[in-house]
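What follows is the content of my_file_39.pdb, which has PDB, C-alpha atoms:
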```pdb
ATOM      1  CA  MET A   1      23.352  28.157 -36.145
ATOM      2  CA  THR A   2      21.426  31.423 -36.091
ATOM      3  CA  ALA A   3      18.111  31.781 -34.372
ATOM      4  CA  SER A   4      16.306  32.139 -37.673
ATOM      5  CA  ALA A   5      17.993  28.993 -38.992
ATOM      6  CA  ALA A   6      16.995  27.126 -35.870
ATOM      7  CA  LEU A   7      13.395  28.203 -36.196
ATOM      8  CA  ALA A   8      13.219  27.665 -39.947
ATOM      9  CA  PRO A   9      12.144  24.032 -39.708
ATOM     10  CA  VAL A  10       9.310  25.021 -37.433
ATOM     11  CA  TYR A  11       8.015  27.656 -39.804
ATOM     12  CA  SER A  12       8.412  25.422 -42.810
ATOM     13  CA  MET A  13       6.551  22.693 -40.951
ATOM     14  CA  SER A  14       3.745  24.981 -40.000
ATOM     15  CA  ALA A  15       3.404  25.989 -43.636
ATOM     16  CA  ALA A  16       2.734  22.388 -44.562
ATOM     17  CA  SER A  17       1.609  21.104 -41.229
ATOM     18  CA  PRO A  18      -0.089  17.726 -41.003
ATOM     19  CA  ASP A  19      -3.319  19.571 -40.249
ATOM     20  CA  GLU A  20      -3.416  20.887 -43.749
ATOM     21  CA  ALA A  21      -2.122  17.788 -45.426
ATOM     22  CA  ASP A  22      -4.251  16.016 -47.972
ATOM     23  CA  LEU A  23      -6.394  14.139 -45.544
ATOM     24  CA  PRO A  24      -8.957  11.927 -47.193
ATOM     25  CA  ASP A  25     -11.966  12.942 -45.142
ATOM     26  CA  SER A  26     -13.112  15.568 -42.734
ATOM     27  CA  ALA A  27     -13.370  13.130 -39.822
ATOM     28  CA  ALA A  28      -9.687  12.295 -40.034
ATOM     29  CA  LYS A  29      -8.884  15.970 -40.408
ATOM     30  CA  SER A  30     -10.825  16.967 -37.319
ATOM     31  CA  ARG A  31      -9.204  14.102 -35.444
ATOM     32  CA  THR A  32      -5.766  15.410 -36.335
ATOM     33  CA  HIS A  33      -6.853  18.903 -35.298
ATOM     34  CA  ALA A  34      -8.017  17.537 -31.950
ATOM     35  CA  LEU A  35      -4.749  15.685 -31.398
ATOM     36  CA  ASN A  36      -2.797  18.801 -32.316
ATOM     37  CA  ARG A  37      -4.773  20.893 -29.822
ATOM     38  CA  PHE A  38      -4.317  18.282 -27.121
ATOM     39  CA  LEU A  39      -0.565  17.968 -27.606
ATOM     40  CA  ALA A  40      -0.133  21.732 -27.836
ATOM     41  CA  GLY A  41      -1.999  22.054 -24.556
ATOM     42  CA  VAL A  42       0.092  19.557 -22.607
ATOM     43  CA  GLU A  43       3.538  19.752 -24.161
ATOM     44  CA  VAL A  44       5.082  22.502 -22.011
ATOM     45  CA  ARG A  45       3.662  21.151 -18.752
ATOM     46  CA  ALA A  46       4.778  17.682 -19.725
ATOM     47  CA  PHE A  47       8.242  19.040 -20.373
ATOM     48  CA  ARG A  48       8.363  20.640 -16.925
ATOM     49  CA  ILE A  49       7.211  17.402 -15.293
ATOM     50  CA  ALA A  50       9.833  15.400 -17.183
ATOM     51  CA  GLN A  51      12.478  17.984 -16.392
ATOM     52  CA  ALA A  52      11.680  17.807 -12.679
ATOM     53  CA  ALA A  53      12.104  14.036 -12.756
ATOM     54  CA  LEU A  54      15.117  13.807 -15.058
ATOM     55  CA  ARG A  55      16.849  17.087 -14.166
ATOM     56  CA  HIS A  56      18.127  17.313 -17.700
ATOM     57  CA  GLU A  57      16.673  19.451 -20.447
ATOM     58  CA  ASP A  58      17.502  17.279 -23.446
ATOM     59  CA  ASP A  59      16.428  14.091 -21.691
ATOM     60  CA  ALA A  60      13.148  15.770 -20.764
ATOM     61  CA  LEU A  61      12.597  16.833 -24.367
ATOM     62  CA  ASP A  62      13.358  13.312 -25.579
ATOM     63  CA  ALA A  63      10.923  11.835 -23.075
ATOM     64  CA  VAL A  64       8.119  14.199 -24.133
ATOM     65  CA  GLN A  65       8.805  13.587 -27.811
ATOM     66  CA  ASP A  66       8.716   9.824 -27.308
ATOM     67  CA  ALA A  67       5.451  10.101 -25.395
ATOM     68  CA  MET A  68       3.909  12.209 -28.168
ATOM     69  CA  LEU A  69       4.998   9.771 -30.857
ATOM     70  CA  GLN A  70       3.776   6.790 -28.909
ATOM     71  CA  LEU A  71       0.395   8.364 -28.288
ATOM     72  CA  ALA A  72       0.037   9.319 -31.951
ATOM     73  CA  ARG A  73       1.194   5.919 -33.113
ATOM     74  CA  VAL A  74      -0.868   3.715 -30.830
ATOM     75  CA  TYR A  75      -3.816   5.682 -29.463
ATOM     76  CA  PRO A  76      -4.873   8.325 -32.019
ATOM     77  CA  ASP A  77      -8.311   6.759 -32.404
ATOM     78  CA  ARG A  78      -9.073   6.575 -28.700
ATOM     79  CA  PRO A  79     -11.602   9.079 -27.331
ATOM     80  CA  PRO A  80      -9.867  12.431 -26.730
ATOM     81  CA  GLU A  81     -10.820  12.430 -23.044
ATOM     82  CA  GLU A  82      -8.605   9.359 -22.623
ATOM     83  CA  TRP A  83      -5.579  10.983 -24.188
ATOM     84  CA  LYS A  84      -4.350  12.873 -21.152
ATOM     85  CA  PRO A  85      -4.046   9.940 -18.728
ATOM     86  CA  LEU A  86      -2.651   7.773 -21.527
ATOM     87  CA  PHE A  87      -0.113  10.411 -22.481
ATOM     88  CA  TYR A  88       1.115  10.848 -18.928
ATOM     89  CA  ARG A  89       1.204   7.081 -18.447
ATOM     90  CA  ILE A  90       3.486   6.792 -21.448
ATOM     91  CA  LEU A  91       5.569   9.737 -20.261
ATOM     92  CA  GLU A  92       6.019   8.250 -16.796
ATOM     93  CA  ASN A  93       7.112   4.924 -18.249
ATOM     94  CA  ARG A  94       9.576   6.733 -20.469
ATOM     95  CA  ILE A  95      10.937   8.714 -17.519
ATOM     96  CA  ARG A  96      11.404   5.521 -15.539
ATOM     97  CA  ASP A  97      13.209   3.863 -18.432
ATOM     98  CA  MET A  98      15.542   6.819 -18.752
ATOM     99  CA  GLN A  99      16.209   6.914 -15.026
ATOM    100  CA  ARG A 100      16.976   3.200 -14.994
ATOM    101  CA  ARG A 101      19.308   3.554 -17.939
ATOM    102  CA  ARG A 102      21.001   6.499 -16.294
ATOM    103  CA  THR A 103      21.487   4.530 -13.067
ATOM    104  CA  VAL A 104      23.121   1.684 -14.959
ATOM    105  CA  ARG A 105      25.287   4.103 -16.914
ATOM    106  CA  ASN A 106      26.402   5.868 -13.749
ATOM    107  CA  LYS A 107      27.290   2.547 -12.130
ATOM    108  CA  VAL A 108      29.375   1.595 -15.128
ATOM    109  CA  LEU A 109      31.025   4.986 -15.310
ATOM    110  CA  ALA A 110      31.836   4.824 -11.613
ATOM    111  CA  TRP A 111      34.312   2.089 -12.523
ATOM    112  CA  LEU A 112      35.815   4.195 -15.247
ATOM    113  CA  PRO A 113      36.892   7.404 -13.565
ATOM    114  CA  SER A 114      39.053   8.531 -16.458
ATOM    115  CA  TRP A 115      36.045   8.448 -18.804
ATOM    116  CA  ARG A 116      33.744  10.287 -16.517
ATOM    117  CA  ALA A 117      35.070  13.710 -17.393
ATOM    118  CA  GLU A 118      34.590  13.024 -21.096
ATOM    119  CA  ASP A 119      31.071  11.739 -20.640
ATOM    120  CA  GLU A 120      29.865  14.558 -18.468
ATOM    121  CA  ASP A 121      26.786  16.374 -19.605
ATOM    122  CA  ASP A 122      26.999  18.818 -22.461
ATOM    123  CA  PRO A 123      28.984  21.956 -21.813
ATOM    124  CA  PRO A 124      26.864  24.657 -20.252
ATOM    125  CA  ASP A 125      25.090  27.006 -22.595
ATOM    126  CA  LEU A 126      26.830  30.308 -21.946
ATOM    127  CA  ILE A 127      24.091  32.317 -23.614
ATOM    128  CA  ALA A 128      21.427  30.713 -21.454
ATOM    129  CA  GLN A 129      23.520  31.325 -18.353
ATOM    130  CA  ALA A 130      24.324  34.913 -19.175
ATOM    131  CA  PRO A 131      22.507  37.360 -16.931
ATOM    132  CA  SER A 132      19.844  39.410 -18.557
ATOM    133  CA  ALA A 133      20.841  42.937 -19.434
ATOM    134  CA  ASP A 134      17.756  44.257 -17.729
ATOM    135  CA  PRO A 135      17.835  43.971 -13.948
ATOM    136  CA  PRO A 136      14.845  41.839 -12.855
ATOM    137  CA  PRO A 137      12.230  43.611 -10.804
ATOM    138  CA  ALA A 138      11.960  42.734  -7.136
ATOM    139  CA  ARG A 139       8.827  40.733  -7.709
ATOM    140  CA  ARG A 140      10.498  38.651 -10.361
ATOM    141  CA  LEU A 141      13.489  38.048  -8.135
ATOM    142  CA  GLU A 142      11.263  36.915  -5.310
ATOM    143  CA  MET A 143       9.408  34.554  -7.606
ATOM    144  CA  ASP A 144      12.677  33.223  -8.976
ATOM    145  CA  GLU A 145      13.877  32.313  -5.507
ATOM    146  CA  ALA A 146      10.578  30.735  -4.544
ATOM    147  CA  MET A 147      10.484  28.808  -7.797
ATOM    148  CA  GLN A 148      14.016  27.515  -7.388
ATOM    149  CA  ALA A 149      13.263  26.401  -3.846
ATOM    150  CA  LEU A 150      10.114  24.645  -5.017
ATOM    151  CA  GLU A 151      11.926  22.953  -7.881
ATOM    152  CA  ARG A 152      14.662  21.722  -5.564
ATOM    153  CA  ALA A 153      12.071  20.384  -3.140
ATOM    154  CA  ILE A 154      10.110  18.667  -5.909
ATOM    155  CA  GLN A 155      13.257  17.113  -7.348
ATOM    156  CA  ALA A 156      14.095  15.726  -3.920
ATOM    157  CA  LEU A 157      10.785  13.835  -3.757
ATOM    158  CA  PRO A 158      10.608  10.138  -4.637
ATOM    159  CA  LEU A 159       9.422   9.701  -8.228
ATOM    160  CA  ARG A 160       5.929   8.455  -7.349
ATOM    161  CA  GLN A 161       5.288  11.349  -4.994
ATOM    162  CA  GLN A 162       6.718  13.747  -7.528
ATOM    163  CA  GLN A 163       4.440  12.400 -10.261
ATOM    164  CA  ALA A 164       1.360  12.451  -8.066
ATOM    165  CA  PHE A 165       2.052  16.005  -6.977
ATOM    166  CA  LEU A 166       2.801  17.381 -10.453
ATOM    167  CA  LEU A 167       0.007  15.553 -12.245
ATOM    168  CA  ARG A 168      -2.523  16.781  -9.719
ATOM    169  CA  ASN A 169      -1.171  20.205  -8.969
ATOM    170  CA  LEU A 170       0.369  21.278 -12.261
ATOM    171  CA  GLU A 171      -1.577  19.300 -14.840
ATOM    172  CA  GLY A 172      -4.812  19.402 -12.869
ATOM    173  CA  LEU A 173      -5.709  15.720 -13.237
ATOM    174  CA  ASP A 174      -8.239  14.388 -10.757
ATOM    175  CA  VAL A 175      -7.515  11.388  -8.544
ATOM    176  CA  ALA A 176      -8.966   8.845 -10.987
ATOM    177  CA  GLN A 177      -7.060  10.262 -13.966
ATOM    178  CA  THR A 178      -3.863  10.424 -11.935
ATOM    179  CA  ALA A 179      -4.341   6.803 -10.891
ATOM    180  CA  HIS A 180      -4.785   5.835 -14.530
ATOM    181  CA  ALA A 181      -1.717   7.811 -15.559
ATOM    182  CA  MET A 182       0.408   6.328 -12.784
ATOM    183  CA  GLY A 183      -0.955   2.812 -13.153
ATOM    184  CA  CYS A 184      -1.950   2.475  -9.525
ATOM    185  CA  SER A 185      -5.041   2.669  -7.351
ATOM    186  CA  GLU A 186      -6.742   5.907  -6.359
ATOM    187  CA  GLY A 187      -5.820   5.163  -2.747
ATOM    188  CA  SER A 188      -2.154   5.024  -3.701
ATOM    189  CA  VAL A 189      -2.453   8.347  -5.498
ATOM    190  CA  LYS A 190      -3.936   9.953  -2.381
ATOM    191  CA  THR A 191      -1.164   8.521  -0.247
ATOM    192  CA  HIS A 192       1.594   9.662  -2.613
ATOM    193  CA  TYR A 193       0.046  13.100  -2.927
ATOM    194  CA  PHE A 194      -0.410  13.519   0.826
ATOM    195  CA  ARG A 195       3.179  12.482   1.518
ATOM    196  CA  ALA A 196       4.464  14.803  -1.188
ATOM    197  CA  LEU A 197       2.585  17.715   0.361
ATOM    198  CA  GLN A 198       3.913  16.878   3.805
ATOM    199  CA  SER A 199       7.456  16.684   2.515
ATOM    200  CA  LEU A 200       7.195  19.919   0.537
ATOM    201  CA  ARG A 201       5.657  21.739   3.471
ATOM    202  CA  SER A 202       8.438  20.608   5.767
ATOM    203  CA  GLN A 203      11.085  21.705   3.257
ATOM    204  CA  LEU A 204       9.510  24.964   2.165
ATOM    205  CA  GLY A 205       7.704  25.943   5.320
ATOM    206  CA  ASP A 206      10.496  28.100   6.651
ATOM    207  CA  PHE A 207      11.257  29.549   3.291
ATOM    208  CA  TRP A 208       7.643  30.522   2.597
ATOM    209  CA  SER A 209       6.638  31.576   6.042
TER     210      SER A 209
ATOM    211  CA  MET B 210      -7.318  19.313  -3.039
ATOM    212  CA  SER B 211      -5.139  17.310  -0.734
ATOM    213  CA  THR B 212      -7.626  15.463   1.356
ATOM    214  CA  LYS B 213     -10.553  17.811   1.071
ATOM    215  CA  ASP B 214     -12.103  19.307  -2.026
ATOM    216  CA  GLU B 215     -10.737  22.797  -1.507
ATOM    217  CA  PRO B 216      -7.032  23.253  -2.198
ATOM    218  CA  SER B 217      -5.018  24.650   0.675
ATOM    219  CA  GLU B 218      -3.171  27.937   0.467
ATOM    220  CA  PHE B 219       0.066  26.020   0.169
ATOM    221  CA  GLU B 220      -1.257  24.064  -2.807
ATOM    222  CA  MET B 221      -2.515  27.223  -4.476
ATOM    223  CA  ARG B 222       0.836  28.888  -4.022
ATOM    224  CA  THR B 223       2.784  25.964  -5.426
ATOM    225  CA  ARG B 224       0.389  25.786  -8.351
ATOM    226  CA  ALA B 225       0.850  29.460  -9.118
ATOM    227  CA  LEU B 226       4.601  29.041  -9.059
ATOM    228  CA  LEU B 227       4.492  26.001 -11.274
ATOM    229  CA  GLU B 228       2.276  27.818 -13.755
ATOM    230  CA  GLU B 229       4.760  30.664 -13.753
ATOM    231  CA  SER B 230       7.604  28.246 -14.416
ATOM    232  CA  VAL B 231       5.631  26.864 -17.369
ATOM    233  CA  ALA B 232       5.094  30.348 -18.725
ATOM    234  CA  ARG B 233       8.813  31.016 -18.511
ATOM    235  CA  VAL B 234       9.846  28.081 -20.679
ATOM    236  CA  ASP B 235      11.887  29.724 -23.405
ATOM    237  CA  GLY B 236      11.297  29.865 -27.126
ATOM    238  CA  ARG B 237      14.005  27.366 -27.983
ATOM    239  CA  ILE B 238      12.341  24.665 -25.896
ATOM    240  CA  ARG B 239       8.916  25.582 -27.240
ATOM    241  CA  SER B 240      10.257  25.359 -30.760
ATOM    242  CA  ARG B 241      11.601  21.867 -30.163
ATOM    243  CA  LEU B 242       8.334  20.814 -28.580
ATOM    244  CA  THR B 243       6.457  22.124 -31.616
ATOM    245  CA  GLN B 244       8.703  20.108 -33.905
ATOM    246  CA  ALA B 245       8.100  17.021 -31.786
ATOM    247  CA  ARG B 246       4.353  17.637 -31.976
ATOM    248  CA  TYR B 247       4.399  17.903 -35.761
ATOM    249  CA  ALA B 248       6.407  14.692 -35.975
ATOM    250  CA  ALA B 249       3.795  12.974 -33.808
ATOM    251  CA  LEU B 250       0.917  14.334 -35.904
ATOM    252  CA  GLU B 251       2.641  13.143 -39.048
ATOM    253  CA  GLU B 252       2.911   9.721 -37.461
ATOM    254  CA  ALA B 253      -0.800   9.718 -36.660
ATOM    255  CA  ARG B 254      -1.657  10.853 -40.189
ATOM    256  CA  ARG B 255       0.516   8.126 -41.694
ATOM    257  CA  LYS B 256      -1.178   5.522 -39.558
ATOM    258  CA  ARG B 257      -4.630   6.838 -40.418
ATOM    259  CA  HIS B 258      -3.927   6.722 -44.122
ATOM    260  CA  GLY B 259      -3.504   3.010 -43.828
ATOM    261  CA  ILE B 260      -0.895   0.449 -44.323
ATOM    262  CA  LEU B 261      -0.894   0.789 -48.107
ATOM    263  CA  ARG B 262       0.706   4.200 -47.739
ATOM    264  CA  ASN B 263       3.256   2.896 -45.307
ATOM    265  CA  PRO B 264       6.457   2.117 -47.213
ATOM    266  CA  ALA B 265       7.353  -0.550 -44.678
ATOM    267  CA  TRP B 266       4.439  -2.666 -45.889
ATOM    268  CA  LEU B 267       5.085  -2.230 -49.588
ATOM    269  CA  PRO B 268       7.412  -5.257 -50.044
ATOM    270  CA  ALA B 269       4.880  -7.560 -48.396
ATOM    271  CA  PHE B 270       2.054  -6.178 -50.504
ATOM    272  CA  GLY B 271       4.169  -6.422 -53.648
ATOM    273  CA  THR B 272       4.933 -10.068 -52.963
ATOM    274  CA  ALA B 273       1.287 -10.869 -52.284
ATOM    275  CA  ALA B 274       0.152  -9.065 -55.429
ATOM    276  CA  ALA B 275       2.731 -10.915 -57.528
ATOM    277  CA  ALA B 276       1.596 -14.258 -56.096
ATOM    278  CA  VAL B 277      -2.038 -13.488 -56.946
ATOM    279  CA  LEU B 278      -1.056 -12.444 -60.473
ATOM    280  CA  VAL B 279       0.864 -15.677 -61.059
ATOM    281  CA  ALA B 280      -2.065 -17.707 -59.748
ATOM    282  CA  ILE B 281      -4.469 -15.923 -62.117
ATOM    283  CA  VAL B 282      -2.193 -16.443 -65.114
ATOM    284  CA  LEU B 283      -1.768 -20.152 -64.350
ATOM    285  CA  TRP B 284      -5.495 -20.561 -63.876
ATOM    286  CA  THR B 285      -6.440 -18.908 -67.154
ATOM    287  CA  ARG B 286      -3.805 -20.798 -69.162
ATOM    288  CA  ALA B 287      -4.857 -24.243 -67.910
ATOM    289  CA  PRO B 288      -6.449 -26.444 -70.699
ATOM    290  CA  VAL B 289     -10.194 -26.086 -70.718
ATOM    291  CA  THR B 290     -10.976 -28.986 -73.125
ATOM    292  CA  GLU B 291     -10.935 -32.548 -71.893
ATOM    293  CA  LEU B 292      -8.320 -34.940 -73.135
ATOM    294  CA  PRO B 293      -9.589 -37.311 -75.840
ATOM    295  CA  THR B 294     -10.392 -40.792 -74.656
ATOM    296  CA  MET B 295      -8.709 -43.839 -76.081
ATOM    297  CA  ALA B 296     -11.762 -44.732 -78.119
ATOM    298  CA  GLU B 297     -12.073 -41.289 -79.653
ATOM    299  CA  SER B 298      -8.498 -40.998 -80.785
ATOM    300  CA  SER B 299      -7.437 -42.471 -84.091
ATOM    301  CA  PRO B 300      -5.601 -45.798 -83.937
ATOM    302  CA  THR B 301      -2.892 -44.553 -86.254
ATOM    303  CA  ALA B 302      -1.933 -41.785 -83.929
ATOM    304  CA  PHE B 303      -1.613 -44.208 -81.048
ATOM    305  CA  ASP B 304       0.323 -46.607 -83.173
ATOM    306  CA  ASP B 305       2.767 -43.853 -83.945
ATOM    307  CA  LEU B 306       3.013 -42.994 -80.302
ATOM    308  CA  ASP B 307       3.581 -46.606 -79.360
ATOM    309  CA  MET B 308       6.254 -46.835 -81.919
ATOM    310  CA  LEU B 309       7.994 -43.753 -80.702
ATOM    311  CA  ALA B 310       7.796 -44.963 -77.108
ATOM    312  CA  ASP B 311       9.064 -48.401 -77.974
ATOM    313  CA  ALA B 312      12.836 -48.553 -78.238
ATOM    314  CA  ASP B 313      12.838 -51.941 -80.037
ATOM    315  CA  ALA B 314      10.572 -50.585 -82.737
ATOM    316  CA  LEU B 315      12.968 -47.760 -83.388
ATOM    317  CA  GLU B 316      15.838 -50.206 -83.786
ATOM    318  CA  LEU B 317      13.783 -52.114 -86.350
ATOM    319  CA  MET B 318      13.108 -48.911 -88.198
ATOM    320  CA  GLU B 319      16.826 -48.243 -88.407
ATOM    321  CA  ASP B 320      17.399 -51.656 -89.999
ATOM    322  CA  TRP B 321      14.540 -51.099 -92.476
ATOM    323  CA  ASP B 322      14.970 -53.318 -95.558
ATOM    324  CA  GLN B 323      12.516 -51.947 -98.057
ATOM    325  CA  GLY B 324      13.078 -54.630-100.761
ATOM    326  CA  PHE B 325      12.407 -57.468 -98.369
ATOM    327  CA  TYR B 326       9.202 -55.979 -97.058
ATOM    328  CA  GLU B 327       7.900 -55.237-100.592
ATOM    329  CA  TRP B 328       8.607 -58.802-101.634
ATOM    330  CA  ALA B 329       6.916 -60.170 -98.498
ATOM    331  CA  ALA B 330       3.856 -58.012 -99.098
ATOM    332  CA  ALA B 331       3.632 -59.152-102.726
ATOM    333  CA  GLU B 332       3.922 -62.793-101.631
ATOM    334  CA  ALA B 333       1.182 -62.318 -99.092
ATOM    335  CA  LEU B 334      -1.111 -60.814-101.693
ATOM    336  CA  ALA B 335      -0.328 -63.594-104.105
ATOM    337  CA  ASP B 336      -1.100 -66.234-101.462
ATOM    338  CA  GLY B 337      -4.377 -64.544-100.619
ATOM    339  CA  ALA B 338      -5.376 -64.432-104.279
ATOM    340  CA  SER B 339      -4.583 -68.093-104.779
ATOM    341  CA  ILE B 340      -6.724 -69.082-101.796
TER     342      ILE B 340
END
```

What would you get if you wrote out this structure as structure tokens?
Amino acid sequence: MTASAALAPVYSMSAASPDEADLPDSAAKSRTHALNRFLAGVEVRAFRIAQAALRHEDDALDAVQDAMLQLARVYPDRPPEEWKPLFYRILENRIRDMQRRRTVRNKVLAWLPSWRAEDEDDPPDLIAQAPSADPPPARRLEMDEAMQALERAIQALPLRQQQAFLLRNLEGLDVAQTAHAMGCSEGSVKTHYFRALQSLRSQLGDFWS
Amino acid sequence: MSTKDEPSEFEMRTRALLEESVARVDGRIRSRLTQARYAALEEARRKRHGILRNPAWLPAFGTAAAAVLVAIVLWTRAPVTELPTMAESSPTAFDDLDMLADADALELMEDWDQGFYEWAAAEALADGASI
């Protein structure tokens, strides 16, 4: 599939996007606009958070898509300020479900060694792995290394610490919103966040010093 | 941000890196996220337009509408006049009905002997006249 073919659905969708659909009244229209703005604002960060937890691009995309659909299906009429914690609550539940399912699948596959090779993840995308023709500048290289080290350290965190750290540090939620998103008390959020910072510092301290 | 209000240098550095990683998410992923967003907005729009526009509810609504229609038709076709009372109806009509309902009477009708009954009627009239 060519790049233009891959992007065609997006362009055709934007031409008749739900924003411009025949909505019956202006209130519903502005509501849809607000939901669109909200989702557009969180989708890439949400993807990165899901990717850190699931370590798989397609699974992360599926988790974000499910969270978007669930929010739009169940909570579109809630006040917009509630959307962010609700969205991340849904996303975290989805991530947990996928991790649980993956654990079960891996346990089953462990008994079937001959099938494991067939059920491995998708073949690597050679285009994505191909080095860029332009040599990266030194600054970019330095950032790449730092980013990879950070990603490895974040992925090594327990899920709750990972979520607390990313929701607070990447998404910018405050303690109360993070607690709502994680379904725990504010005290627990502080504990998870503090432990995540300690762990990351101990892992990255030498690298970043 | 950790335990105090001000984020530490470490937190600021990690945040900057994470923001950079977000900025580097490629167009293919962004395209798929956009498609997912439009699907979600379509879902919200469908829900907002109500259950009547949701095809999943149409069979249930169709059944309910049909039931209401049948009820209305039955209601309007029910007899509005009261049945005549026994006193109001003519005795001949009831006699006919009794006859039709009575199996013995029908058997008598089958064995109808017109000559005998005419003779008996004439005799009865003659007796009445002589009295």

ask   = Which residues fall under the ChimeraX specification (/A :<6) & /B in this file, as a PyMOL selection string?
value = chain B and resi 224+245+249+251+253

Please give the centre and size of the box around region 324-332 of chain B (axis-aligned, containing every atom listed in the file, 8 Å added per side), with values in Å to one decimal and written as JSON.
```
{"center_x": 8.4, "center_y": -58.7, "center_z": -99.9, "size_x": 25.4, "size_y": 24.2, "size_z": 21.7}
```

message = Can you pull out the residues contacting Arg160 (chain A)? Cut-off 9 Å, using only C-alpha atoms, and skip same-chain residues under 2 positions away; I want them as an MDAnalysis selection string.
response = chainID A and resid 157:158 162:165 182 189 192:193 196

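Atom pair CA of Ala50 (chain A) / CA of Ala34 (chain A) has a distance of 23.3 Å (rounded to one decimal).
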
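CA of Val234 (chain B) lies 23.4 Å from CA of Gln161 (chain A).
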
remark   = In Å and to one decimal, CA of Pro268 (chain B) is distant from CA of Leu283 (chain B) by 22.6 Å
